[in-house]
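Trainee: Next up is a structure, given as structure tokens.
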Amino acid sequence: MNISKRRFTQLAAASIGAIAIIYACAPRAKTSFVTGDAASRVYIAPGAYDEYYAFMSGGYSGQVSVYGLPSGRLLKLIPVFSQFAEDGYGYNAETKPLLETTYGFVPWDDSHHPELSQTDGVPDGRWLFINANNTPRIARIDLTTFETSEIIQIPNSAGGHASPFTTPDTKYIVSATRFSVPIPNSDVPIDSYKQNFKGTLSFITANDPGKMDVAFQILMPGYNYDLGHAGKGPSDGWFFFTSYNTEQANTKLEENASQNDKDFVAAVNYKRAEECVTQGVAKATPVEYYHNYVDPSSRIAKSEKKSSVKMIDPAQCAGVVYYLPTPKSPHGVDVDPTGEYIVAGGKLATVIPVHSFTKMQKAIADKAFDKTIDGIPVLKYDAVIAGEVQKPGLGPLHTEFDGKGYAYTSMFISSEVVKWKLGTWEVVDRMPVYYSIGHLMIPGGDSKKPWGKYLVAMNKITKDRYLPTGPEMAQSAQLIDISGDKMKMLLDFPTIGEPHYAQAIPASIIKDKSLKFHKLAENTSPWVTKSEAEGGITRNGKKVEIKMIAIRSHFAPDNFEGVQVGDTVNFHVTNIEQDWDILHGFAVLGANTSEIILQPGETRTLTWVPKSPGVYPFYCTDFCSALHQEMQGYIRVSPAGSNVKLIANVSPKAQAQISGGQAGK
Ligand code: K7E
Ligand code: CUA
């Protein structure tokens, strides 16, 4: 959701009727929709695997959480846009560059939409992308490691919400600015909104890991751009974005942006945009943004600053964008598996409008235009609408598809999932959800080939569903069986942060590609230590570099002397294990940062600035072996200017291997 829950509810109530308030949050009979065999349908016996991986956005936690379906078991948290003390992501030297932006180091964000890469319109399990809403960015998560491997900042944008939806071939993922701003951003009066504020739609190349870039941007009227989805099949080559605030209000949007009966879906012909780029119509526009990516062999992230994007003005590139009038302040826009129907979720609309791609093409050919806005023709509503779902419920937001001819739409205000038939537009089933649903998700449900067995409802308000945990309750997901004619409620499970959206994929597509460890022989970190004999301590001015290994059940070297107050000490620790799931950790007394967690075969760096003389222990933080509690060492800190010699304590065996015989060379 883009609007606070309460205000949204009030607004909708004002627009649609007071009944909305009652629907939104009133607890109902809680178990009446659960069928008798629900428990066995979601039970995964100890040691058995779930059928699907579900990737849920962490919302304002900035992360992604990975669940198994149908069990609802939490498998992993993947840190993306926020620092994560549990493994040192965004704290250690290797990963910090991922969070660099033109605003400096940004260690938090609000993520909304996980999106799996696709091949021929079907999720392929290579990568998961996710957007940052606040400081617009897109991250790539590699699904062999379940780690963030790349983050690109989106320039000329101020709210990366309609993102990072993919084209069927993952050539592009997109980002549209939710907030219009002056472009380039500049110091102007806010009430000059109508003259000075613009939107942008960005197309980012995505198929080449480590090489994401902004291919081009399209300069749009100053509306709010909300969500998007690519065409597929016949509509392949097009992208659809919702917009609201076509009133161009800059204050009290709750009221002032809810005036127009219809806002727009922007239909973008991105093949046409490519032509305009090739023909030199796109203007090279100076603007700075960061591209950060992890080098796979050193596992060290690098930042590069870019300085220009290609900007397309639709008035100069005829046929690149058309507006489809759409009631009323639309939120979601979803394209059915055949690629013919474009379904918009009008938050305040009393119907669910469905546009026809075939009719849209005809309307364009016939020039069935109402008017033109900044070079963008507005097509006639009647010329593009395929149908409207009547009386669907209150507050339609998002729609997914089961691949069997049905669509499922979330109803925020009336707290329900509504199933309806494509083509006849009749509602065939309803399922109450608890409470105030945002997105819903069917594995592959926005693709050409949905796996239409389960649906997950992601609800904003939990209230009485779980044991009370004070004023703030976890948000809640609900698993619904959609394999039959009627939906069946199977399971509630709490989520991490606010999972606006999620995607899921059969486990079989991913699980066998999972990496088990990093090959030590291929570790190219400049700070790698492959054996105890390579470890040691060196001084470079006030910087002290320590290289050490971690292996069951010791660090080596494990005692260090010669450090002085005023030094900055970098502990470069390499886990030399070559075995699946054997981790070590490292923490030192008084460190002003998180621990580091070391995957097998990798090198991580913890930076420590001792403040006073003494002897400080360090230890392994991950219970790795029977002698884990023995996995420790000491570092001695002397006053500045002391003549204590730099010493790293190594075993006689390692000592013998060290040429020249001096530890800590
Ligand atoms: Cu509807 Cu950000 Cu996709 Cu939340 S958004 S619900
Ligand atoms: Cu290594 Cu505990």
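Residue names in the structure tokens use chain letters A, B, ... in the order shown, residue numbers from 1 in each chain, and ligand numbers from 1 in the order shown.
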Residues of segment 408-571 of chain A classed as strand (DSSP E) by DSSP on the backbone are to be reported as number ranges by chain.
Mentor: A: 408-411, 416-421, 427-432, 437-441, 454-459, 476-481, 488-494, 502-506, 536-540, 543-551, 554-556, 559-564, 568-571
Trainee: Using only C-alpha atoms and all ligand atoms, I'd like a table of the residues in chain A that come within 9 Å of ligand 2; for each, show the closest atom pair and its distance in Å rounded to one decimal, ordered by chain and ascending number, as a Markdown table.
Mentor:
| residue | atom | partner | partner_atom_place_in_ligand_line | distance |
| --- | --- | --- | --- | --- |
| A:Ala550 | CA | ligand 2 | 1 (Cu) | 6.6 |
| A:Ile551 | CA | ligand 2 | 1 (Cu) | 6.4 |
| A:Arg552 | CA | ligand 2 | 1 (Cu) | 5.7 |
| A:Ser553 | CA | ligand 2 | 1 (Cu) | 5.7 |
| A:His554 | CA | ligand 2 | 1 (Cu) | 6.8 |
| A:Phe555 | CA | ligand 2 | 1 (Cu) | 8.1 |
| A:Asn575 | CA | ligand 2 | 1 (Cu) | 8.8 |
| A:Ile582 | CA | ligand 2 | 1 (Cu) | 8.3 |
| A:Leu583 | CA | ligand 2 | 1 (Cu) | 6.7 |
| A:His584 | CA | ligand 2 | 1 (Cu) | 4.1 |
| A:Gly585 | CA | ligand 2 | 1 (Cu) | 6.1 |
| A:Phe586 | CA | ligand 2 | 1 (Cu) | 8.2 |
| A:Tyr619 | CA | ligand 2 | 2 (Cu) | 7.7 |
| A:Cys620 | CA | ligand 2 | 2 (Cu) | 4.5 |
| A:Thr621 | CA | ligand 2 | 2 (Cu) | 5.7 |
| A:Asp622 | CA | ligand 2 | 2 (Cu) | 4.5 |
| A:Phe623 | CA | ligand 2 | 2 (Cu) | 4.1 |
| A:Cys624 | CA | ligand 2 | 2 (Cu) | 3.9 |
| A:Ser625 | CA | ligand 2 | 2 (Cu) | 6.1 |
| A:Ala626 | CA | ligand 2 | 2 (Cu) | 8.6 |
| A:Leu627 | CA | ligand 2 | 2 (Cu) | 7.6 |
| A:His628 | CA | ligand 2 | 2 (Cu) | 4.0 |
| A:Gln629 | CA | ligand 2 | 2 (Cu) | 6.8 |
| A:Glu630 | CA | ligand 2 | 2 (Cu) | 8.2 |
| A:Met631 | CA | ligand 2 | 1 (Cu) | 5.9 |
| A:Gln632 | CA | ligand 2 | 1 (Cu) | 8.7 |
Trainee: Between atom CA of Gly332 of chain A and atom CA of Ala344 of chain A, what is the distance, to one decimal in Å?
Mentor: 5.6 Å
Trainee: Within 7 Å of ligand 1, which residues of chain A come that close, and what is the closest atom pair and distance in Å for each? Count only C-alpha atoms and all ligand atoms and give it as a Markdown table.
Mentor:
| residue | atom | partner | partner_atom_place_in_ligand_line | distance |
| --- | --- | --- | --- | --- |
| A:Met1 | CA | ligand 1 | 4 (Cu) | 3.3 |
| A:Asn2 | CA | ligand 1 | 2 (Cu) | 5.9 |
| A:His112 | CA | ligand 1 | 2 (Cu) | 5.0 |
| A:His113 | CA | ligand 1 | 3 (Cu) | 6.2 |
| A:His161 | CA | ligand 1 | 2 (Cu) | 6.1 |
| A:Leu227 | CA | ligand 1 | 3 (Cu) | 6.7 |
| A:His331 | CA | ligand 1 | 1 (Cu) | 6.6 |
| A:Gly332 | CA | ligand 1 | 1 (Cu) | 6.5 |
| A:Leu397 | CA | ligand 1 | 1 (Cu) | 6.3 |
| A:His398 | CA | ligand 1 | 1 (Cu) | 6.8 |
| A:Gly438 | CA | ligand 1 | 6 (S) | 3.7 |
| A:His439 | CA | ligand 1 | 6 (S) | 4.8 |
| A:His500 | CA | ligand 1 | 4 (Cu) | 4.1 |
| A:Tyr501 | CA | ligand 1 | 3 (Cu) | 6.0 |
Trainee: Which residues of segment 433-529 of chain A come within 10 Å of segment 164-185 of chain A, and for each one, what is the closest pair of atoms and their distance in Å to one decimal, counting only C-alpha atoms, sorted by chain and residue number, as CSV?
Mentor:
residue,atom,partner,partner_atom,distance
A:Asp446,CA,A:Phe165,CA,9.9
A:Ser447,CA,A:Pro168,CA,8.0
A:Lys448,CA,A:Pro168,CA,8.5
Trainee: I'd like the interatomic distance between atom CA of Gly90 of chain A and atom CA of Pro499 of chain A, to a tenth of an Å.
Mentor: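 Those two atoms sit 21.6 Å apart.
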Trainee: Quick one: everything within 9 Å of Tyr406 of chain A, counting only C-alpha atoms, minus sequence neighbours fewer than 6 positions away in the same chain. Send it as a PyMOL selection string.
Mentor: chain A and resi 400+419-422
Trainee: May I have the residues within 10 Å of Ser258 of chain A as a PyMOL selection string, using only C-alpha atoms and disregarding those fewer than 5 positions away in the same chain?
Mentor: chain A and resi 11+15+244-247+249+252-253+263+328-329+348
Trainee: Okay, now the selection with all heavy atoms, as a CSV table (one decimal), in the first residue's frame?
Mentor:
chain,number,residue,atom,x,y,z
A,11,LEU,N,-10.7,7.3,3.7
A,11,LEU,CA,-10.9,7.8,2.3
A,11,LEU,C,-11.9,7.0,1.6
A,11,LEU,O,-12.9,7.5,1.0
A,11,LEU,CB,-9.6,7.9,1.6
A,11,LEU,CG,-9.7,8.2,0.1
A,11,LEU,CD1,-10.3,9.5,-0.1
A,11,LEU,CD2,-8.3,8.1,-0.5
A,15,SER,N,-15.7,7.7,0.2
A,15,SER,CA,-16.0,7.6,-1.2
A,15,SER,C,-17.1,6.5,-1.5
A,15,SER,O,-17.9,6.7,-2.4
A,15,SER,CB,-14.8,7.2,-2.0
A,15,SER,OG,-13.7,8.1,-1.8
A,244,TYR,N,-1.9,7.6,-11.0
A,244,TYR,CA,-3.0,8.3,-10.3
A,244,TYR,C,-2.5,9.7,-10.1
A,244,TYR,O,-1.5,10.1,-10.5
A,244,TYR,CB,-3.4,7.6,-9.0
A,244,TYR,CG,-2.3,7.5,-7.9
A,244,TYR,CD1,-2.3,8.3,-6.8
A,244,TYR,CD2,-1.3,6.5,-8.0
A,244,TYR,CE1,-1.3,8.2,-5.8
A,244,TYR,CE2,-0.3,6.4,-7.1
A,244,TYR,CZ,-0.3,7.3,-6.0
A,244,TYR,OH,0.6,7.2,-5.0
A,245,ASN,N,-3.3,10.5,-9.4
A,245,ASN,CA,-3.0,11.9,-9.3
A,245,ASN,C,-2.8,12.6,-10.6
A,245,ASN,O,-1.9,13.4,-10.8
A,245,ASN,CB,-1.8,12.2,-8.4
A,245,ASN,CG,-1.7,13.7,-8.0
A,245,ASN,OD1,-2.7,14.4,-8.1
A,245,ASN,ND2,-0.5,14.1,-7.7
A,246,THR,N,-3.7,12.2,-11.6
A,246,THR,CA,-3.7,13.0,-12.8
A,246,THR,C,-4.3,14.4,-12.6
A,246,THR,O,-4.2,15.2,-13.5
A,246,THR,CB,-4.6,12.2,-13.9
A,246,THR,OG1,-5.9,12.0,-13.3
A,246,THR,CG2,-4.0,10.9,-14.3
A,247,GLU,N,-4.8,14.6,-11.4
A,247,GLU,CA,-5.2,16.0,-11.0
A,247,GLU,C,-3.9,16.8,-10.8
A,247,GLU,O,-4.0,18.1,-10.8
A,247,GLU,CB,-6.0,16.0,-9.7
A,247,GLU,CG,-7.3,15.2,-9.8
A,247,GLU,CD,-7.2,13.7,-9.5
A,247,GLU,OE1,-6.0,13.2,-9.5
A,247,GLU,OE2,-8.2,13.0,-9.4
A,249,ALA,N,-2.2,17.2,-8.1
A,249,ALA,CA,-2.3,17.9,-6.8
A,249,ALA,C,-0.9,17.7,-6.1
A,249,ALA,O,-0.2,16.8,-6.3
A,249,ALA,CB,-3.3,17.2,-5.9
A,252,LYS,N,-2.5,17.5,0.2
A,252,LYS,CA,-3.7,16.7,0.6
A,252,LYS,C,-4.2,15.8,-0.6
A,252,LYS,O,-5.4,15.9,-1.0
A,252,LYS,CB,-4.8,17.7,1.0
A,252,LYS,CG,-4.5,18.5,2.2
A,252,LYS,CD,-5.7,19.0,2.9
A,252,LYS,CE,-5.4,19.8,4.2
A,252,LYS,NZ,-4.6,21.1,4.0
A,253,LEU,N,-3.3,14.9,-1.0
A,253,LEU,CA,-3.7,14.1,-2.2
A,253,LEU,C,-4.9,13.2,-1.9
A,253,LEU,O,-5.7,12.9,-2.8
A,253,LEU,CB,-2.5,13.2,-2.5
A,253,LEU,CG,-1.7,13.7,-3.7
A,253,LEU,CD1,-1.0,15.1,-3.3
A,253,LEU,CD2,-0.6,12.7,-4.1
A,263,ASP,N,-8.3,7.9,-14.1
A,263,ASP,CA,-6.9,8.2,-14.3
A,263,ASP,C,-6.5,7.4,-15.4
A,263,ASP,O,-7.3,7.0,-16.3
A,263,ASP,CB,-6.1,8.0,-13.0
A,263,ASP,CG,-6.6,8.9,-11.8
A,263,ASP,OD1,-6.2,10.0,-11.8
A,263,ASP,OD2,-7.5,8.4,-11.0
A,328,LYS,N,-10.4,4.1,-10.8
A,328,LYS,CA,-10.4,5.5,-10.3
A,328,LYS,C,-9.2,5.5,-9.4
A,328,LYS,O,-9.3,4.7,-8.5
A,328,LYS,CB,-11.7,5.8,-9.6
A,328,LYS,CG,-11.7,7.2,-8.9
A,328,LYS,CD,-13.0,7.6,-8.3
A,328,LYS,CE,-12.7,9.0,-7.9
A,328,LYS,NZ,-13.7,9.9,-7.5
A,329,SER,N,-8.2,6.2,-9.6
A,329,SER,CA,-6.9,6.1,-8.9
A,329,SER,C,-6.4,4.6,-8.9
A,329,SER,O,-6.3,4.0,-7.8
A,329,SER,CB,-7.1,6.6,-7.4
A,329,SER,OG,-7.4,8.0,-7.4
A,348,LEU,N,-10.5,3.0,-5.6
A,348,LEU,CA,-11.7,3.6,-5.3
A,348,LEU,C,-12.8,3.3,-6.3
A,348,LEU,O,-13.9,3.8,-6.2
A,348,LEU,CB,-11.6,5.1,-5.2
A,348,LEU,CG,-10.4,5.6,-4.3
A,348,LEU,CD1,-10.3,7.1,-4.4
A,348,LEU,CD2,-10.6,5.2,-2.9
Trainee: DSSP on the backbone: what in segment 268-475 of chain A comes out helix (DSSP H, G or I), as a PyMOL selection string?
Mentor: chain A and resi 270-278+314-316+357-365+381-384+463-465
Trainee: From the set A:Leu99, A:Val456, A:Ile635, A:Ile505, which residue has the shortest atom-to-atom contact distance to Gln118 of chain A, counting only C-alpha atoms?
Mentor: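 Among A:Leu99, A:Val456, A:Ile635, A:Ile505, it is A:Ile505 that comes nearest to Gln118 of chain A.
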Trainee: Identify which of the residues A:Ile300, A:Ala93, A:Ala54, A:Val42 lies closest to Thr148 of chain A, counting only C-alpha atoms when measuring atom-to-atom distances.
Mentor: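 Smallest distance to Thr148 of chain A is found for A:Ile300.
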Trainee: Near Leu324 of chain A, counting only C-alpha atoms, which residues have an atom at most 6 Å away, once you skip same-chain residues fewer than 3 positions from it, shown as a VMD selection string?
Mentor: chain A and resid 264 to 265 379
Trainee: Can you tell me which residues surround segment 71-86 of chain A at a distance of at most 8 Å, considering only C-alpha atoms, apart from same-chain residues fewer than 4 positions away, and format the answer as an MDAnalysis selection string?
Mentor: chainID A and resid 42:44 50 61:67 90:91 99 107:111 132 139 146:148 491:493 594:595 597
Trainee: For the residues in that selection, give me N, CA and C atoms as a tab-separated table (two decimals), in the first residue's frame.
Mentor:
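Below you can see out11.tsv, which holds the result:
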chain	number	residue	atom	x	y	z
A	42	VAL	N	-1.08	-28.97	4.60
A	42	VAL	CA	0.08	-28.09	4.77
A	42	VAL	C	1.19	-28.74	5.59
A	43	TYR	N	0.95	-29.96	6.03
A	43	TYR	CA	1.93	-30.61	6.89
A	43	TYR	C	3.08	-31.18	6.06
A	44	ILE	N	4.28	-30.74	6.36
A	44	ILE	CA	5.48	-31.30	5.73
A	44	ILE	C	6.23	-32.02	6.84
A	50	ASP	N	9.35	-28.75	1.20
A	50	ASP	CA	8.19	-28.06	0.67
A	50	ASP	C	8.17	-28.15	-0.85
A	61	SER	N	11.36	-3.63	6.31
A	61	SER	CA	12.61	-4.22	6.79
A	61	SER	C	13.68	-4.15	5.70
A	62	GLY	N	13.27	-3.91	4.48
A	62	GLY	CA	14.22	-3.78	3.36
A	62	GLY	C	14.77	-5.10	2.87
A	63	GLN	N	14.26	-6.21	3.37
A	63	GLN	CA	14.85	-7.51	3.06
A	63	GLN	C	13.86	-8.39	2.30
A	64	VAL	N	14.29	-9.62	2.04
A	64	VAL	CA	13.43	-10.64	1.44
A	64	VAL	C	13.40	-11.82	2.39
A	65	SER	N	12.23	-12.39	2.61
A	65	SER	CA	12.19	-13.61	3.39
A	65	SER	C	11.74	-14.76	2.51
A	66	VAL	N	12.34	-15.91	2.76
A	66	VAL	CA	12.09	-17.08	1.92
A	66	VAL	C	11.30	-18.09	2.76
A	67	TYR	N	10.16	-18.46	2.27
A	67	TYR	CA	9.30	-19.43	2.96
A	67	TYR	C	9.13	-20.67	2.11
A	90	GLY	N	26.30	-5.44	4.87
A	90	GLY	CA	26.21	-3.98	4.99
A	90	GLY	C	27.03	-3.43	6.14
A	91	TYR	N	27.65	-4.31	6.93
A	91	TYR	CA	28.58	-3.88	7.99
A	91	TYR	C	30.02	-4.19	7.57
A	99	LEU	N	25.57	-0.74	-0.85
A	99	LEU	CA	24.58	0.21	-0.36
A	99	LEU	C	24.98	1.66	-0.64
A	107	PRO	N	21.71	2.64	4.36
A	107	PRO	CA	21.65	1.28	4.92
A	107	PRO	C	20.23	0.78	5.23
A	108	TRP	N	19.24	1.35	4.60
A	108	TRP	CA	17.87	0.93	4.84
A	108	TRP	C	17.05	1.21	3.58
A	109	ASP	N	16.02	0.44	3.37
A	109	ASP	CA	14.98	0.86	2.42
A	109	ASP	C	13.69	0.10	2.66
A	110	ASP	N	12.75	0.42	1.84
A	110	ASP	CA	11.39	-0.10	1.92
A	110	ASP	C	11.17	-0.87	0.63
A	111	SER	N	11.18	-2.21	0.73
A	111	SER	CA	11.10	-3.00	-0.50
A	111	SER	C	9.68	-3.54	-0.67
A	132	ALA	N	13.68	-0.93	-4.24
A	132	ALA	CA	13.72	-0.05	-3.07
A	132	ALA	C	12.85	1.14	-3.38
A	139	ALA	N	17.58	-4.38	-6.79
A	139	ALA	CA	18.60	-5.37	-6.44
A	139	ALA	C	18.36	-6.65	-7.21
A	146	PHE	N	21.37	-17.32	-2.91
A	146	PHE	CA	20.37	-16.60	-2.13
A	146	PHE	C	20.99	-15.35	-1.49
A	147	GLU	N	21.78	-14.65	-2.29
A	147	GLU	CA	22.43	-13.43	-1.81
A	147	GLU	C	22.23	-12.29	-2.79
A	148	THR	N	22.23	-11.08	-2.27
A	148	THR	CA	22.20	-9.89	-3.11
A	148	THR	C	23.53	-9.79	-3.84
A	491	LEU	N	-4.13	-22.11	5.85
A	491	LEU	CA	-3.09	-21.80	6.84
A	491	LEU	C	-2.90	-20.29	7.00
A	492	ASP	N	-2.65	-19.88	8.24
A	492	ASP	CA	-2.14	-18.53	8.54
A	492	ASP	C	-0.67	-18.65	8.89
A	493	PHE	N	0.15	-17.74	8.43
A	493	PHE	CA	1.50	-17.66	9.00
A	493	PHE	C	1.99	-16.22	9.02
A	594	SER	N	28.84	-5.11	13.56
A	594	SER	CA	28.33	-6.46	13.80
A	594	SER	C	29.47	-7.46	13.69
A	595	GLU	N	29.18	-8.66	14.04
A	595	GLU	CA	30.08	-9.79	13.75
A	595	GLU	C	30.23	-9.94	12.23
A	597	ILE	N	29.93	-13.25	9.57
A	597	ILE	CA	29.67	-14.69	9.42
A	597	ILE	C	30.36	-15.11	8.13
Trainee: Residues at most 9 Å from Trp580 of chain A, counting only C-alpha atoms, excluding those fewer than 4 positions away in the same chain, as a PyMOL selection string?
Mentor: chain A and resi 515-517+599-600
Trainee: Take the residues from that selection and write them out as a PDB file, in the first residue's frame, keeping C-alpha atoms.
Mentor:
ATOM      1  CA  LEU A 515      25.683 -23.643  -4.133  1.00  0.00           C
ATOM      2  CA  LYS A 516      27.081 -25.673  -1.226  1.00  0.00           C
ATOM      3  CA  PHE A 517      30.359 -23.807  -0.638  1.00  0.00           C
ATOM      4  CA  GLN A 599      30.501 -19.050   4.533  1.00  0.00           C
ATOM      5  CA  PRO A 600      32.759 -21.969   3.643  1.00  0.00           C
TER       6      PRO A 600
END
Trainee: Could the residues of segment 109-141 of chain A that have an atom at most 12 Å from segment 194-203 of chain A be listed as CSV, each with its closest atom pair and the distance in Å to one decimal, counting only C-alpha atoms and ordered by chain and ascending residue number?
Mentor:
residue,atom,partner,partner_atom,distance
A:Pro136,CA,A:Ser202,CA,11.0
A:Arg137,CA,A:Ser202,CA,11.2
A:Ile138,CA,A:Ser202,CA,11.3
Trainee: Can I get the selected residues back with all heavy atoms, as a PDB file, in the first residue's frame?
Mentor:
ATOM      1  N   PRO A 136      15.329   5.194  -4.723  1.00  0.00           N
ATOM      2  CA  PRO A 136      15.009   4.222  -5.772  1.00  0.00           C
ATOM      3  C   PRO A 136      16.212   3.397  -6.232  1.00  0.00           C
ATOM      4  O   PRO A 136      17.213   3.934  -6.692  1.00  0.00           O
ATOM      5  CB  PRO A 136      14.484   5.101  -6.910  1.00  0.00           C
ATOM      6  CG  PRO A 136      13.951   6.307  -6.209  1.00  0.00           C
ATOM      7  CD  PRO A 136      14.887   6.544  -5.067  1.00  0.00           C
ATOM      8  N   ARG A 137      16.072   2.101  -6.061  1.00  0.00           N
ATOM      9  CA  ARG A 137      17.112   1.157  -6.444  1.00  0.00           C
ATOM     10  C   ARG A 137      16.440  -0.153  -6.834  1.00  0.00           C
ATOM     11  O   ARG A 137      15.293  -0.394  -6.481  1.00  0.00           O
ATOM     12  CB  ARG A 137      18.065   0.893  -5.250  1.00  0.00           C
ATOM     13  CG  ARG A 137      18.966   2.057  -4.906  1.00  0.00           C
ATOM     14  CD  ARG A 137      19.722   1.846  -3.608  1.00  0.00           C
ATOM     15  NE  ARG A 137      18.885   2.068  -2.437  1.00  0.00           N
ATOM     16  CZ  ARG A 137      19.298   1.873  -1.184  1.00  0.00           C
ATOM     17  NH1 ARG A 137      20.508   1.447  -0.939  1.00  0.00           N
ATOM     18  NH2 ARG A 137      18.474   2.116  -0.175  1.00  0.00           N
ATOM     19  N   ILE A 138      17.192  -0.996  -7.545  1.00  0.00           N
ATOM     20  CA  ILE A 138      16.747  -2.364  -7.803  1.00  0.00           C
ATOM     21  C   ILE A 138      17.899  -3.291  -7.474  1.00  0.00           C
ATOM     22  O   ILE A 138      19.040  -3.017  -7.844  1.00  0.00           O
ATOM     23  CB  ILE A 138      16.324  -2.565  -9.275  1.00  0.00           C
ATOM     24  CG1 ILE A 138      15.110  -1.700  -9.614  1.00  0.00           C
ATOM     25  CG2 ILE A 138      16.011  -4.037  -9.543  1.00  0.00           C
ATOM     26  CD1 ILE A 138      14.719  -1.745 -11.083  1.00  0.00           C
TER      27      ILE A 138
END
Trainee: Would you please work out which residue, of A:Asp374, A:Glu602, A:Asp336, A:Glu498, is nearest to Met458 of chain A when using only C-alpha atoms?
Mentor: A:Glu498
Trainee: Just checking: using only C-alpha atoms, which residue out of A:Gly566, A:Pro114, A:Gly125, A:Pro652 ends up closest to Leu143 of chain A?
Mentor: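 Closest candidate: A:Gly125.
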Trainee: Of the residues A:His355, A:Arg636, A:His572, A:Lys645, which is the one nearest to Lys530 of chain A, using only C-alpha atoms?
Mentor: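 Smallest separation from Lys530 of chain A among the options: A:His572.
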